[in-house]
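Undergrad: Sharing upload_28.cif below, mmCIF, C-alpha atoms and all ligand atoms:
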```
data_input
#
loop_
_atom_site.label_atom_id
_atom_site.label_comp_id
_atom_site.auth_asym_id
_atom_site.auth_seq_id
_atom_site.Cartn_x
_atom_site.Cartn_y
_atom_site.Cartn_z
CA MET A 203 0.00 0.00 0.00
CA GLU A 204 1.15 3.47 -0.80
CA ASN A 205 2.17 5.78 1.95
CA LYS A 206 0.14 8.96 1.79
CA THR A 207 0.61 11.81 4.16
CA PRO A 208 -2.74 12.48 5.80
CA GLY A 209 -4.43 15.65 4.61
CA GLU A 210 -2.38 15.93 1.48
CA ASP A 211 -4.30 16.09 -1.75
CA VAL A 212 -2.03 13.81 -3.69
CA GLU A 213 -3.80 14.20 -6.98
CA ASN A 214 -3.14 17.88 -7.02
CA ILE A 215 0.54 17.49 -6.48
CA ILE A 216 2.74 17.49 -9.51
CA ALA A 217 5.46 14.87 -9.41
CA MET A 218 7.11 15.47 -6.08
CA PRO A 219 10.68 16.38 -6.83
CA THR A 220 12.52 15.35 -3.73
CA LYS A 221 11.79 12.09 -2.03
CA GLN A 222 13.03 11.87 1.53
CA ALA A 223 15.73 9.43 0.53
CA ASP A 224 17.17 11.67 -2.19
CA PRO A 225 20.54 13.18 -1.50
CA ASN A 226 20.71 16.91 -0.99
CA TRP A 227 21.74 17.93 -4.49
CA SER A 228 22.61 21.46 -3.48
CA ASP A 229 25.05 20.23 -0.85
CA MET A 230 26.53 17.87 -3.37
CA LEU A 231 26.98 20.55 -5.98
CA ALA A 232 28.63 22.79 -3.40
CA GLU A 233 30.91 19.91 -2.48
CA LEU A 234 31.74 19.35 -6.14
CA ALA A 235 32.77 22.99 -6.34
CA GLU A 236 35.22 22.48 -3.48
CA THR A 237 36.56 19.01 -4.12
CA LYS A 238 36.13 18.47 -7.86
CA SER A 239 35.22 14.93 -6.96
CA LYS A 240 34.31 12.81 -9.97
CA THR A 241 32.27 10.45 -7.82
CA ILE A 242 29.99 13.29 -6.84
CA TYR A 243 29.91 14.54 -10.40
CA VAL A 244 28.74 11.16 -11.68
CA GLN A 245 25.90 11.14 -9.14
CA LEU A 246 24.83 14.62 -10.19
CA PHE A 247 25.04 13.53 -13.82
CA ARG A 248 22.84 10.51 -13.28
CA HIS A 249 20.21 12.59 -11.53
CA PHE A 250 20.16 15.73 -13.67
CA ALA A 251 21.23 14.67 -17.18
CA PRO A 252 17.99 12.75 -17.97
CA LYS A 253 15.92 15.72 -16.77
CA ILE A 254 17.98 18.21 -18.74
CA LYS A 255 17.49 16.12 -21.86
CA SER A 256 13.78 16.00 -21.17
CA TYR A 257 13.68 19.79 -20.78
CA ILE A 258 15.52 20.35 -24.06
CA ILE A 259 13.23 17.99 -25.96
CA ARG A 260 10.24 19.90 -24.63
CA LEU A 261 11.74 23.08 -26.03
CA GLY A 262 11.22 21.43 -29.41
CA LEU A 263 14.71 20.22 -30.28
CA VAL A 264 15.41 16.80 -31.82
CA GLU A 265 16.86 14.04 -29.70
CA SER A 266 20.39 14.12 -31.11
CA THR A 267 20.61 17.86 -30.41
CA ALA A 268 19.11 17.34 -26.97
CA ASP A 269 21.82 14.77 -26.22
CA GLU A 270 24.51 17.15 -27.34
CA LEU A 271 23.17 20.15 -25.43
CA MET A 272 22.63 18.01 -22.34
CA GLN A 273 26.31 17.05 -22.49
CA GLU A 274 27.31 20.67 -22.96
CA THR A 275 25.19 21.62 -19.97
CA MET A 276 26.72 18.92 -17.80
CA LEU A 277 30.19 20.03 -18.90
CA ALA A 278 29.24 23.55 -17.85
CA VAL A 279 28.22 22.16 -14.46
CA TRP A 280 31.76 20.82 -14.08
CA ARG A 281 33.48 23.91 -15.41
CA LYS A 282 31.40 26.49 -13.58
CA ALA A 283 30.86 24.65 -10.31
CA HIS A 284 33.15 27.18 -8.61
CA MET A 285 30.53 29.85 -9.37
CA TYR A 286 27.73 27.97 -7.64
CA ASN A 287 26.49 29.54 -4.42
CA ARG A 288 24.04 27.38 -2.56
CA THR A 289 22.82 30.23 -0.37
CA LYS A 290 21.45 31.87 -3.53
CA ALA A 291 19.99 28.96 -5.44
CA ALA A 292 19.12 25.30 -5.25
CA ALA A 293 21.18 23.01 -7.47
CA SER A 294 18.16 22.43 -9.70
CA THR A 295 17.72 26.18 -10.17
CA TRP A 296 21.35 26.77 -11.05
CA ILE A 297 21.42 23.82 -13.44
CA PHE A 298 18.15 24.96 -15.00
CA THR A 299 19.73 28.32 -15.88
CA LEU A 300 22.74 26.56 -17.43
CA ALA A 301 20.49 24.30 -19.52
CA ARG A 302 18.35 27.27 -20.53
CA ASN A 303 21.37 29.28 -21.64
CA GLN A 304 22.91 26.37 -23.57
CA SER A 305 19.64 25.78 -25.42
CA ILE A 306 19.02 29.42 -26.22
CA ASP A 307 22.59 30.04 -27.32
CA TRP A 308 22.27 27.09 -29.67
CA MET A 309 18.87 28.09 -31.04
CA ARG A 310 19.68 31.77 -31.50
CA LYS A 311 23.41 31.53 -32.16
CA GLN A 312 23.74 34.41 -29.75
CA LYS A 313 24.49 34.52 -26.06
CA TYR A 314 21.43 35.00 -23.86
CA PRO A 315 21.97 38.24 -21.94
CA GLU A 316 22.90 37.40 -18.36
CA TYR A 317 22.75 39.75 -15.44
CA GLY A 318 26.07 38.62 -14.07
CA LEU A 319 26.60 35.58 -11.92
CA GLU A 320 29.64 37.18 -10.37
CA GLU A 321 27.44 39.25 -8.08
CA TRP A 322 26.46 36.02 -6.43
CA HIS A 323 29.95 35.83 -5.08
CA GLU A 324 30.02 39.31 -3.67
CA GLU A 325 27.45 39.11 -0.93
CA PRO A 326 27.82 35.98 1.17
CA ASP A 327 24.55 35.70 3.00
CA ASP A 328 25.43 33.91 6.20
CA GLU A 329 22.02 34.33 7.73
CA VAL A 330 20.38 32.09 5.19
CA ASP A 331 20.17 28.50 6.25
CA HIS A 332 21.88 26.29 3.72
CA CYS A 333 18.95 23.89 3.65
CA GLU A 334 16.53 26.68 2.91
CA GLN A 335 16.77 26.64 -0.86
CA VAL A 336 16.23 22.92 -1.01
CA VAL A 337 13.24 22.90 1.30
CA THR A 338 11.98 25.77 -0.75
CA SER A 339 12.13 23.92 -4.03
CA ASP A 340 10.19 21.11 -2.42
CA ARG A 341 7.65 23.56 -1.07
CA MET A 342 7.31 25.22 -4.41
CA ALA A 343 6.49 21.93 -6.08
CA LYS A 344 3.57 21.53 -3.72
CA ALA A 345 2.56 25.11 -4.33
CA LEU A 346 2.61 24.56 -8.08
CA GLY A 347 0.18 21.70 -7.66
CA LYS A 348 -2.20 24.12 -5.98
CA LEU A 349 -2.34 26.55 -8.89
CA PRO A 350 -5.46 26.69 -11.04
CA GLU A 351 -4.85 24.94 -14.36
CA LYS A 352 -5.05 28.17 -16.35
CA GLN A 353 -2.16 29.55 -14.32
CA SER A 354 0.10 26.52 -14.40
CA GLN A 355 -0.54 26.26 -18.13
CA VAL A 356 1.04 29.66 -18.83
CA LEU A 357 4.03 28.72 -16.69
CA TYR A 358 4.52 25.46 -18.62
CA MET A 359 4.24 27.30 -21.91
CA SER A 360 6.84 29.82 -20.78
CA TYR A 361 9.37 27.50 -19.15
CA PHE A 362 8.95 24.30 -21.15
CA GLU A 363 7.97 25.55 -24.57
CA GLY A 364 9.86 28.82 -24.51
CA ARG A 365 6.85 30.78 -25.73
CA SER A 366 6.78 34.54 -25.43
CA HIS A 367 3.74 36.34 -24.02
CA ALA A 368 2.63 37.17 -27.56
CA GLU A 369 2.93 33.55 -28.68
CA ILE A 370 0.96 32.33 -25.69
CA SER A 371 -1.68 34.91 -26.45
CA ASP A 372 -1.96 33.62 -30.05
CA ARG A 373 -2.01 30.01 -28.96
CA LEU A 374 -4.67 30.37 -26.31
CA GLY A 375 -6.62 32.99 -28.18
CA ILE A 376 -6.64 35.37 -25.22
CA PRO A 377 -5.43 38.98 -25.08
CA LEU A 378 -1.80 39.71 -24.22
CA GLY A 379 -2.94 41.45 -21.05
CA SER A 380 -4.65 38.27 -19.86
CA VAL A 381 -1.52 36.22 -20.47
CA LYS A 382 0.47 38.62 -18.37
CA SER A 383 -2.05 38.76 -15.57
CA ARG A 384 -2.23 34.95 -15.45
CA ILE A 385 1.55 34.76 -15.20
CA ARG A 386 1.57 37.46 -12.54
CA LEU A 387 -1.08 35.67 -10.52
CA ALA A 388 0.70 32.33 -10.83
CA SER A 389 4.04 33.74 -9.85
CA GLU A 390 2.73 35.84 -6.97
CA LYS A 391 0.75 32.92 -5.67
CA LEU A 392 3.80 30.68 -5.76
CA ARG A 393 5.83 33.23 -3.83
CA MET A 394 3.06 33.60 -1.28
CA LEU A 395 2.49 29.89 -0.73
CA TRP A 396 6.20 29.43 -0.64
CA ARG A 397 6.73 32.05 2.08
CA ASP A 398 3.64 31.37 4.15
CA ASP A 399 4.48 27.73 4.36
CA VAL A 400 7.54 28.33 6.53
CA MET O 1115 21.13 54.20 -7.05
CA ASN O 1116 17.59 55.00 -6.05
CA ILE O 1117 15.46 52.87 -8.34
CA LYS O 1118 11.71 53.45 -8.19
CA HIS O 1119 10.38 51.75 -11.31
CA HIS O 1120 10.93 48.02 -11.57
CA LEU O 1121 10.24 45.07 -13.84
CA ASP O 1122 6.79 43.60 -14.09
CA GLU O 1123 6.41 40.16 -12.55
CA ALA O 1124 5.37 38.69 -15.91
CA THR O 1125 8.50 40.13 -17.52
CA LEU O 1126 10.73 38.52 -14.88
CA VAL O 1127 9.09 35.15 -15.46
CA SER O 1128 9.53 35.45 -19.21
CA TYR O 1129 13.20 36.33 -18.79
CA SER O 1130 13.79 33.48 -16.35
CA ALA O 1131 12.01 31.02 -18.59
CA GLY O 1132 14.20 32.07 -21.51
CA SER O 1133 11.04 32.74 -23.50
CA MET O 1134 11.81 36.37 -24.21
CA SER O 1135 13.32 37.84 -27.37
CA GLN O 1136 17.02 38.56 -27.34
CA SER O 1137 16.43 42.30 -27.52
CA MET O 1138 14.04 42.36 -24.55
CA ALA O 1139 16.25 40.00 -22.55
CA LEU O 1140 19.16 42.40 -22.95
CA VAL O 1141 17.23 45.27 -21.38
CA VAL O 1142 15.95 43.04 -18.58
CA ALA O 1143 19.46 41.76 -17.82
CA CYS O 1144 20.71 45.36 -17.74
CA HIS O 1145 18.09 46.46 -15.22
CA ILE O 1146 18.70 43.40 -13.04
CA SER O 1147 22.42 44.06 -13.02
CA MET O 1148 21.67 47.56 -11.65
CA CYS O 1149 18.86 46.62 -9.26
CA PRO O 1150 19.37 44.43 -6.15
CA SER O 1151 15.65 44.14 -5.59
CA CYS O 1152 14.90 42.72 -9.03
CA ARG O 1153 17.97 40.50 -8.70
CA ASN O 1154 16.35 38.84 -5.70
CA ARG O 1155 13.05 38.56 -7.51
CA VAL O 1156 14.57 37.00 -10.63
CA GLN O 1157 16.23 34.36 -8.52
CA GLU O 1158 12.80 33.35 -7.28
CA SER O 1159 11.51 33.14 -10.85
CA GLU O 1160 14.49 31.02 -11.79
CA ALA O 1161 13.64 28.78 -8.84
CA ILE O 1162 10.33 28.07 -10.57
CA GLY O 1163 12.40 26.84 -13.51
CA GLY O 1164 14.53 24.68 -11.23
CA MET O 1165 11.50 23.21 -9.63
CA LEU O 1166 9.92 22.50 -13.02
CA LEU O 1167 13.15 20.86 -14.16
CA GLU O 1168 13.02 18.56 -11.12
CA SER O 1169 9.42 17.66 -11.91
CA LEU O 1170 10.18 16.40 -15.43
CA THR O 1171 10.01 12.75 -16.36
CA PRO O 1172 13.60 11.74 -17.10
CA GLU O 1173 14.54 10.82 -20.68
CA SER O 1174 16.73 7.79 -21.21
CA ILE O 1175 20.36 8.50 -21.83
CA SER O 1176 22.88 6.25 -23.55
CA ASP O 1177 25.71 4.85 -21.45
CA ASP O 1178 28.14 6.53 -23.79
CA ALA O 1179 26.91 9.97 -22.86
CA LEU O 1180 28.44 9.93 -19.40
CA ASP O 1181 31.67 8.33 -20.62
CA GLN O 1182 32.08 10.97 -23.31
CA VAL O 1183 31.58 13.78 -20.82
CA LEU O 1184 34.03 12.20 -18.38
CA ALA O 1185 36.59 11.77 -21.16
CA CYS O 1186 36.13 15.42 -21.98
CA ILE O 1187 36.70 16.41 -18.38
CA ASP O 1188 39.84 14.27 -18.17
CA ASN O 1189 41.31 16.07 -21.13
CA GLU O 1190 40.35 19.39 -19.68
CA PRO O 1191 43.20 21.81 -19.15
CA ASP O 1192 43.49 23.66 -15.90
CA ILE O 1193 40.16 24.91 -14.59
CA GLU O 1194 41.36 28.47 -14.12
CA LEU O 1195 42.56 28.54 -17.69
CA GLU O 1196 39.21 27.27 -18.82
CA ALA O 1197 37.47 29.98 -16.85
CA MET O 1198 39.63 32.59 -18.52
CA VAL O 1199 38.81 31.31 -21.99
CA GLU O 1200 35.16 31.37 -21.10
CA GLU O 1201 35.45 34.92 -19.83
CA THR O 1202 37.10 36.08 -23.05
CA ASN O 1203 34.42 34.50 -25.18
CA PHE O 1204 31.73 36.15 -23.13
CA SER O 1205 32.92 39.69 -23.16
CA GLN O 1206 34.32 39.54 -26.67
CA SER O 1207 36.73 42.28 -27.53
CA PHE O 1208 35.57 44.68 -24.86
CA LYS O 1209 36.93 42.69 -21.99
CA HIS O 1210 39.95 44.80 -21.19
CA GLU O 1211 38.25 48.10 -21.65
CA SER O 1212 37.12 49.79 -18.47
CA ILE O 1213 33.39 50.12 -18.09
CA ASP O 1214 31.78 53.41 -17.03
CA SER O 1215 29.40 53.28 -14.09
CA ASP O 1216 26.42 54.17 -16.29
CA VAL O 1217 26.98 51.23 -18.63
CA PRO O 1218 25.42 48.01 -17.29
CA LYS O 1219 27.66 45.01 -17.90
CA PRO O 1220 25.34 43.12 -20.26
CA LEU O 1221 25.23 46.24 -22.46
CA ALA O 1222 29.02 46.61 -22.44
CA ASP O 1223 29.17 43.33 -24.39
CA TYR O 1224 27.48 45.20 -27.22
CA ILE O 1225 28.78 48.77 -27.09
CA GLY O 1226 31.96 48.71 -25.06
CA GLY O 1227 32.52 50.65 -21.87
CA SER O 1228 31.29 54.16 -22.63
CA LEU O 1229 28.07 55.82 -23.76
CA ASP O 1230 30.12 58.72 -25.09
CA LYS O 1231 31.84 56.52 -27.65
CA VAL O 1232 28.63 55.24 -29.18
CA ASP O 1233 28.19 55.88 -32.89
CA TRP O 1234 24.97 57.92 -32.84
CA LYS O 1235 22.76 58.44 -35.86
CA MET O 1236 20.51 61.49 -35.95
CA ILE O 1237 16.82 60.82 -36.52
CA VAL O 1238 15.64 64.40 -36.13
CA PRO O 1239 17.56 67.24 -34.51
CA GLY O 1240 18.00 66.45 -30.82
CA VAL O 1241 17.13 62.78 -31.19
CA TYR O 1242 19.79 60.17 -31.91
CA CYS O 1243 19.75 56.43 -32.02
CA HIS O 1244 22.09 53.49 -32.14
CA ASP O 1245 20.89 50.03 -33.13
CA LEU O 1246 22.16 47.05 -31.20
CA PRO O 1247 22.93 43.90 -33.12
CA CYS O 1248 20.46 41.66 -31.33
CA LYS O 1249 19.43 38.94 -33.70
CA SER O 1250 15.76 38.36 -33.28
CA GLU O 1251 14.06 35.62 -35.23
CA ARG O 1252 11.00 36.47 -33.18
CA GLY O 1253 11.07 40.09 -34.21
CA GLY O 1254 11.75 43.00 -31.93
CA VAL O 1255 14.56 45.50 -31.73
CA SER O 1256 16.79 47.03 -29.14
CA ARG O 1257 18.16 50.49 -29.56
CA LEU O 1258 19.90 53.15 -27.62
CA LEU O 1259 18.20 56.53 -27.81
CA LYS O 1260 19.72 59.86 -26.92
CA ILE O 1261 17.24 62.67 -26.55
CA SER O 1262 17.97 66.33 -25.79
CA PRO O 1263 16.42 68.14 -22.83
CA GLY O 1264 12.89 69.34 -23.48
CA LYS O 1265 12.22 66.90 -26.31
CA ALA O 1266 9.45 64.38 -26.20
CA MET O 1267 7.94 61.54 -28.09
CA LEU O 1268 4.38 61.76 -29.35
CA PRO O 1269 1.88 59.73 -27.40
CA HIS O 1270 2.11 56.25 -28.78
CA SER O 1271 0.85 52.79 -28.16
CA HIS O 1272 2.26 49.54 -29.41
CA ASP O 1273 1.36 45.97 -30.10
CA GLY O 1274 3.69 43.97 -27.92
CA ASN O 1275 5.61 44.89 -24.83
CA GLU O 1276 8.02 47.77 -24.60
CA LEU O 1277 10.89 48.18 -22.17
CA THR O 1278 12.72 51.46 -21.59
CA LEU O 1279 15.70 51.57 -19.25
CA ILE O 1280 17.13 54.95 -18.32
CA LEU O 1281 20.93 55.06 -18.31
CA ARG O 1282 21.52 58.80 -18.01
CA GLY O 1283 19.33 61.87 -17.50
CA SER O 1284 15.63 61.55 -16.85
CA PHE O 1285 12.18 61.78 -18.33
CA SER O 1286 8.64 62.08 -17.08
CA ASP O 1287 5.41 60.72 -18.41
CA GLU O 1288 1.97 59.77 -17.13
CA MET O 1289 3.58 57.02 -15.08
CA GLY O 1290 5.87 59.35 -13.18
CA ARG O 1291 9.50 60.41 -13.28
CA PHE O 1292 12.18 58.03 -14.52
CA THR O 1293 15.84 58.47 -13.61
CA ALA O 1294 18.95 56.34 -14.13
CA GLY O 1295 18.26 52.69 -13.36
CA ASP O 1296 14.49 53.03 -13.62
CA ILE O 1297 12.70 50.87 -16.12
CA ALA O 1298 9.38 51.52 -17.82
CA ASP O 1299 7.85 48.11 -18.42
CA LEU O 1300 4.80 48.83 -20.54
CA ASP O 1301 1.86 46.99 -21.95
CA SER O 1302 0.27 47.67 -25.26
CA GLU O 1303 -2.67 49.12 -23.35
CA ILE O 1304 -0.73 52.00 -21.91
CA GLU O 1305 -0.39 55.21 -23.89
CA HIS O 1306 2.41 57.46 -22.82
CA GLN O 1307 4.25 60.61 -23.76
CA PRO O 1308 7.74 60.70 -22.28
CA LEU O 1309 9.29 64.17 -21.98
CA VAL O 1310 12.96 64.62 -21.18
CA ASP O 1311 13.17 66.79 -18.07
CA SER O 1312 16.86 66.60 -17.19
CA ASP O 1313 19.46 69.27 -17.97
CA GLU O 1314 21.61 66.72 -19.75
CA ASP O 1315 20.72 64.43 -22.63
CA CYS O 1316 18.58 61.50 -21.66
CA ILE O 1317 20.06 58.20 -22.81
CA CYS O 1318 17.90 55.12 -22.65
CA LEU O 1319 17.93 51.57 -23.85
CA ILE O 1320 14.70 50.53 -25.50
CA ALA O 1321 13.41 47.18 -26.66
CA THR O 1322 10.15 46.03 -28.10
CA ASP O 1323 8.95 42.61 -29.11
CA ALA O 1324 6.84 43.91 -31.99
CA PRO O 1325 9.21 45.14 -34.69
CA LEU O 1326 6.90 46.97 -37.07
CA LYS O 1327 5.34 49.26 -34.55
CA PHE O 1328 8.72 50.26 -33.28
CA SER O 1329 9.79 51.85 -36.55
CA THR O 1330 6.52 53.74 -36.51
CA LEU O 1331 7.27 54.89 -33.01
CA LEU O 1332 10.68 56.21 -34.03
CA GLY O 1333 9.06 58.00 -36.92
CA LYS O 1334 6.82 59.72 -34.45
CA ILE O 1335 9.51 61.33 -32.36
CA VAL O 1336 8.94 65.02 -32.70
CA GLN O 1337 10.36 68.48 -32.48
CA PRO O 1338 10.59 70.34 -29.19
CA ILE O 1339 7.32 70.43 -27.36
CA THR O 1340 5.62 73.77 -27.55
CA GLY O 1341 3.17 75.35 -25.13
CA PHE O 1342 4.97 74.10 -22.07
ZN ZN X 1 14.26 46.65 -10.22
#
```
I'd like the structure from this file rewritten - as structure tokens, please.
Ligand SMILES: [Zn+2]
TA:
Amino acid sequence: MENKTPGEDVENIIAMPTKQADPNWSDMLAELAETKSKTIYVQLFRHFAPKIKSYIIRLGLVESTADELMQETMLAVWRKAHMYNRTKAAASTWIFTLARNQSIDWMRKQKYPEYGLEEWHEEPDDEVDHCEQVVTSDRMAKALGKLPEKQSQVLYMSYFEGRSHAEISDRLGIPLGSVKSRIRLASEKLRMLWRDDV
Amino acid sequence: MNIKHHLDEATLVSYSAGSMSQSMALVVACHISMCPSCRNRVQESEAIGGMLLESLTPESISDDALDQVLACIDNEPDIELEAMVEETNFSQSFKHESIDSDVPKPLADYIGGSLDKVDWKMIVPGVYCHDLPCKSERGGVSRLLKISPGKAMLPHSHDGNELTLILRGSFSDEMGRFTAGDIADLDSEIEHQPLVDSDEDCICLIATDAPLKFSTLLGKIVQPITGF
């Protein structure tokens, strides 16, 4: 029999990202940055590479390209690990931005404008609990499951299909303003659920 | 820097998702690099991406894939060296140039370190522009505009979104006063008439995601406002 937490509406929860038994990926990535341990790298690879490939395929790229870009992304994880700051982002968040940039750079043949990761180094935030980001990502997954379908839909179309507001508006046949307000509502709700749930 | 006008939530999500045109993304990245508050907010939007990545059903990966990456890593030269190469690629030829405080780093990749060295083209007297080479298969443009004190643009509306980041000087419109670092993040619904109210030239970075309307907009920039 399945173990269900009492009171939890399981059907509304989108694939729970972190099972209790999972390692703390953010800690491991931080450790990789320090030790350059290949054992840790291989574990990170096994966990993230299949998801990165899945993300790239959803963006509409063919499998061979997805394989290539996944490898590029994982190489970037190795090469840029020293820039990772776990007080600022969960491992999944940091790796998501790397995968996003690799895919966009490939599709557009131009570097996606970045706001500068180096700032992440400048302000070490000792007050933030190191576990916080990871708990947070878990909490956000639950929060996402609580969004009305219309709101999660616009998030999926933005993050997984790379559609601009105008493209979403065309696709759904709703005005641009409605697309933006749905995204705003979704995002604000996530932040709220995420903070309140502390 | 006392920033009062920030990015819309929907804009931050679009940037984080990577679903925004190159030209718009440049302006967003520039504001974020100047604005600690939006930097915190964008990290939360990126966390949505991280969480969505975690929620994906994994694709199968060939055994070779890991071996190839590991082989690559084994042949890797020194990490520091690698980081330097990376750095050079990123900042292109402008790397060793010093960057003025009013040039956000993402913009320096395109124009170098100084707004005074930009190659301006006159549109009408008192209004100059400089196109940035943002490729945009989705349409949309980004341009630097330099407008003399007292000049204005005609009221205009536009199809897509429009972003205007102030780099130097200031302007006012129905939304309020915009000074360096402020960003006007506008919908197609909003009509506005920015008027430069600083003593110096106002320099701003503009992007739209609807290309055709933008050329119309530039055509509409007018002579000094009268009756003021
Ligand atoms: Zn801001």
Undergrad: Which is closer to chain O than all the others in A:Ser305, A:Ser294, A:Asn287, A:Gln353, using all atoms listed in the file?
TA: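 Under the stated criterion, the closest residue is A:Ser294.
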Undergrad: Find the residues of chain A in contact range of chain O, meaning any atom within 6 Å when counting all atoms listed in the file, and list them as a short mmCIF file (atom, residue, chain, number, x, y, z; two decimals) with C-alpha atoms, in the coordinates of the input.
TA:
```
data_model
loop_
_atom_site.label_atom_id
_atom_site.label_comp_id
_atom_site.auth_asym_id
_atom_site.auth_seq_id
_atom_site.Cartn_x
_atom_site.Cartn_y
_atom_site.Cartn_z
CA ALA A 217 5.46 14.87 -9.41
CA PRO A 219 10.68 16.38 -6.83
CA PRO A 252 17.99 12.75 -17.97
CA LYS A 253 15.92 15.72 -16.77
CA SER A 256 13.78 16.00 -21.17
CA SER A 294 18.16 22.43 -9.70
CA THR A 295 17.72 26.18 -10.17
CA PHE A 298 18.15 24.96 -15.00
CA PRO A 315 21.97 38.24 -21.94
CA GLU A 316 22.90 37.40 -18.36
CA TYR A 317 22.75 39.75 -15.44
CA SER A 339 12.13 23.92 -4.03
CA SER A 360 6.84 29.82 -20.78
CA TYR A 361 9.37 27.50 -19.15
CA GLY A 364 9.86 28.82 -24.51
CA ARG A 365 6.85 30.78 -25.73
CA SER A 366 6.78 34.54 -25.43
CA LYS A 382 0.47 38.62 -18.37
CA ILE A 385 1.55 34.76 -15.20
CA ARG A 386 1.57 37.46 -12.54
#
```
Undergrad: List as number ranges by chain the protein and nucleic acid residues lying within 6 Å of ligand ZN 1 (chain X), with all atoms listed in the file counted.
TA: O: 1120-1121, 1149, 1151-1152
Undergrad: For each of O:Arg1282, O:Pro1191, O:His1119, O:Asp1313, take the minimum atom-to-atom distance to Leu1229 (chain O), counting all atoms listed in the file, then give the residue where this is smallest.
TA: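 Smallest separation from Leu1229 (chain O) among the options: O:Arg1282.
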Undergrad: Quick check, in Å to one decimal: how far apart do CA of Gly1226 (chain O) and CA of Leu1246 (chain O) lie?
TA: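 For CA of Gly1226 (chain O) relative to CA of Leu1246 (chain O), the distance reads 11.7 Å.
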Undergrad: Assuming 6 Å of padding per side, give the centre and edge lengths of the axis-aligned box around every listed atom of region 256-269 of chain A, in Å to one decimal and as lines of an AutoDock Vina configuration file.
TA:
```
center_x = 16.0
center_y = 18.6
center_z = -26.3
size_x = 23.6
size_y = 21.0
size_z = 23.0
```
Undergrad: In terms of the shortest atom-to-atom distance over all atoms listed in the file, which of O:Ala1185, O:Leu1281, O:Ala1321, O:Met1289 is closest to Val1255 (chain O)?
TA: O:Ala1321
Undergrad: Choose the residue, out of A:Leu231, A:Ile254, A:Leu346, A:Ala283, that has the smallest atom-to-atom separation from Asn303 (chain A); count all atoms listed in the file.
TA: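 Ranked by minimum distance to Asn303 (chain A), first place goes to A:Ile254.
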Undergrad: Go ahead and compute the interatomic distance for CA of Gly1240 (chain O) and CA of Gly1290 (chain O), in Å to one decimal.
TA: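 Going from CA of Gly1240 (chain O) over to CA of Gly1290 (chain O), I get 22.6 Å.
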Undergrad: Go through A:Ile306, A:Leu263, A:Met230, A:Leu378 one by one, measure the shortest atom-to-atom distance of each to His249 (chain A) using only C-alpha atoms, and give the residue with the smallest value.
TA: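 Using only C-alpha atoms, the shortest distance to His249 (chain A) belongs to A:Met230.
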Undergrad: Name all residues at most 6 Å from Leu1279 (chain O) (count only C-alpha atoms; drop same-chain ones fewer than 3 positions away) and give them as number ranges by chain.
TA: O: 1296-1297, 1318-1319
Undergrad: Just the selected residues (C-alpha atoms), exported as a short mmCIF file (atom, residue, chain, number, x, y, z; two decimals), in the frame of the given file, please.
TA:
```
data_model
loop_
_atom_site.label_atom_id
_atom_site.label_comp_id
_atom_site.auth_asym_id
_atom_site.auth_seq_id
_atom_site.Cartn_x
_atom_site.Cartn_y
_atom_site.Cartn_z
CA ASP O 1296 14.49 53.03 -13.62
CA ILE O 1297 12.70 50.87 -16.12
CA CYS O 1318 17.90 55.12 -22.65
CA LEU O 1319 17.93 51.57 -23.85
#
```
Undergrad: From the options A:Leu357, A:Ala343, A:Leu271, A:Ile376, which residue's atoms come nearest to Leu395 (chain A), counting all atoms listed in the file?
TA: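 Answer, going by the shortest atom-to-atom distance: A:Ala343.
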Undergrad: Take CA of Cys1316 (chain O) and CA of Asp1233 (chain O) and report the distance between them in Å, one decimal.
TA: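 Answer for the CA of Cys1316 (chain O) to CA of Asp1233 (chain O) separation: 15.8 Å.
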Undergrad: Pick out the residues sitting within 10 Å of Trp227 (chain A), and hand them over as an MDAnalysis selection string; count all atoms listed in the file, and ignore anything fewer than 2 positions along from it in its own chain.
TA: chainID A and resid 220 224:225 229:233 242 245:246 249:250 288 292:294 336
Undergrad: May I have the protein, DNA and RNA residues with an atom at most 8 Å from (5.5, 60.3, -19.4), counting all atoms listed in the file in the file's coordinates, returned as JSON, numbers by chain?
TA: {"O": [1285, 1286, 1287, 1288, 1289, 1290, 1291, 1306, 1307, 1308, 1309]}
Undergrad: Output region 1157-1162 of chain O with N, CA and C atoms present, as a CSV table (one decimal), in the frame of the given file.
TA:
```csv
chain,number,residue,atom,x,y,z
O,1157,GLN,N,15.8,35.6,-9.0
O,1157,GLN,CA,16.2,34.4,-8.5
O,1157,GLN,C,15.1,33.5,-8.1
O,1158,GLU,N,14.0,34.1,-7.6
O,1158,GLU,CA,12.8,33.4,-7.3
O,1158,GLU,C,12.1,32.8,-8.5
O,1159,SER,N,12.1,33.6,-9.6
O,1159,SER,CA,11.5,33.1,-10.8
O,1159,SER,C,12.3,32.0,-11.4
O,1160,GLU,N,13.6,32.1,-11.3
O,1160,GLU,CA,14.5,31.0,-11.8
O,1160,GLU,C,14.3,29.8,-11.0
O,1161,ALA,N,13.9,29.9,-9.7
O,1161,ALA,CA,13.6,28.8,-8.8
O,1161,ALA,C,12.4,28.0,-9.3
O,1162,ILE,N,11.5,28.8,-10.0
O,1162,ILE,CA,10.3,28.1,-10.6
O,1162,ILE,C,10.8,27.1,-11.7
```
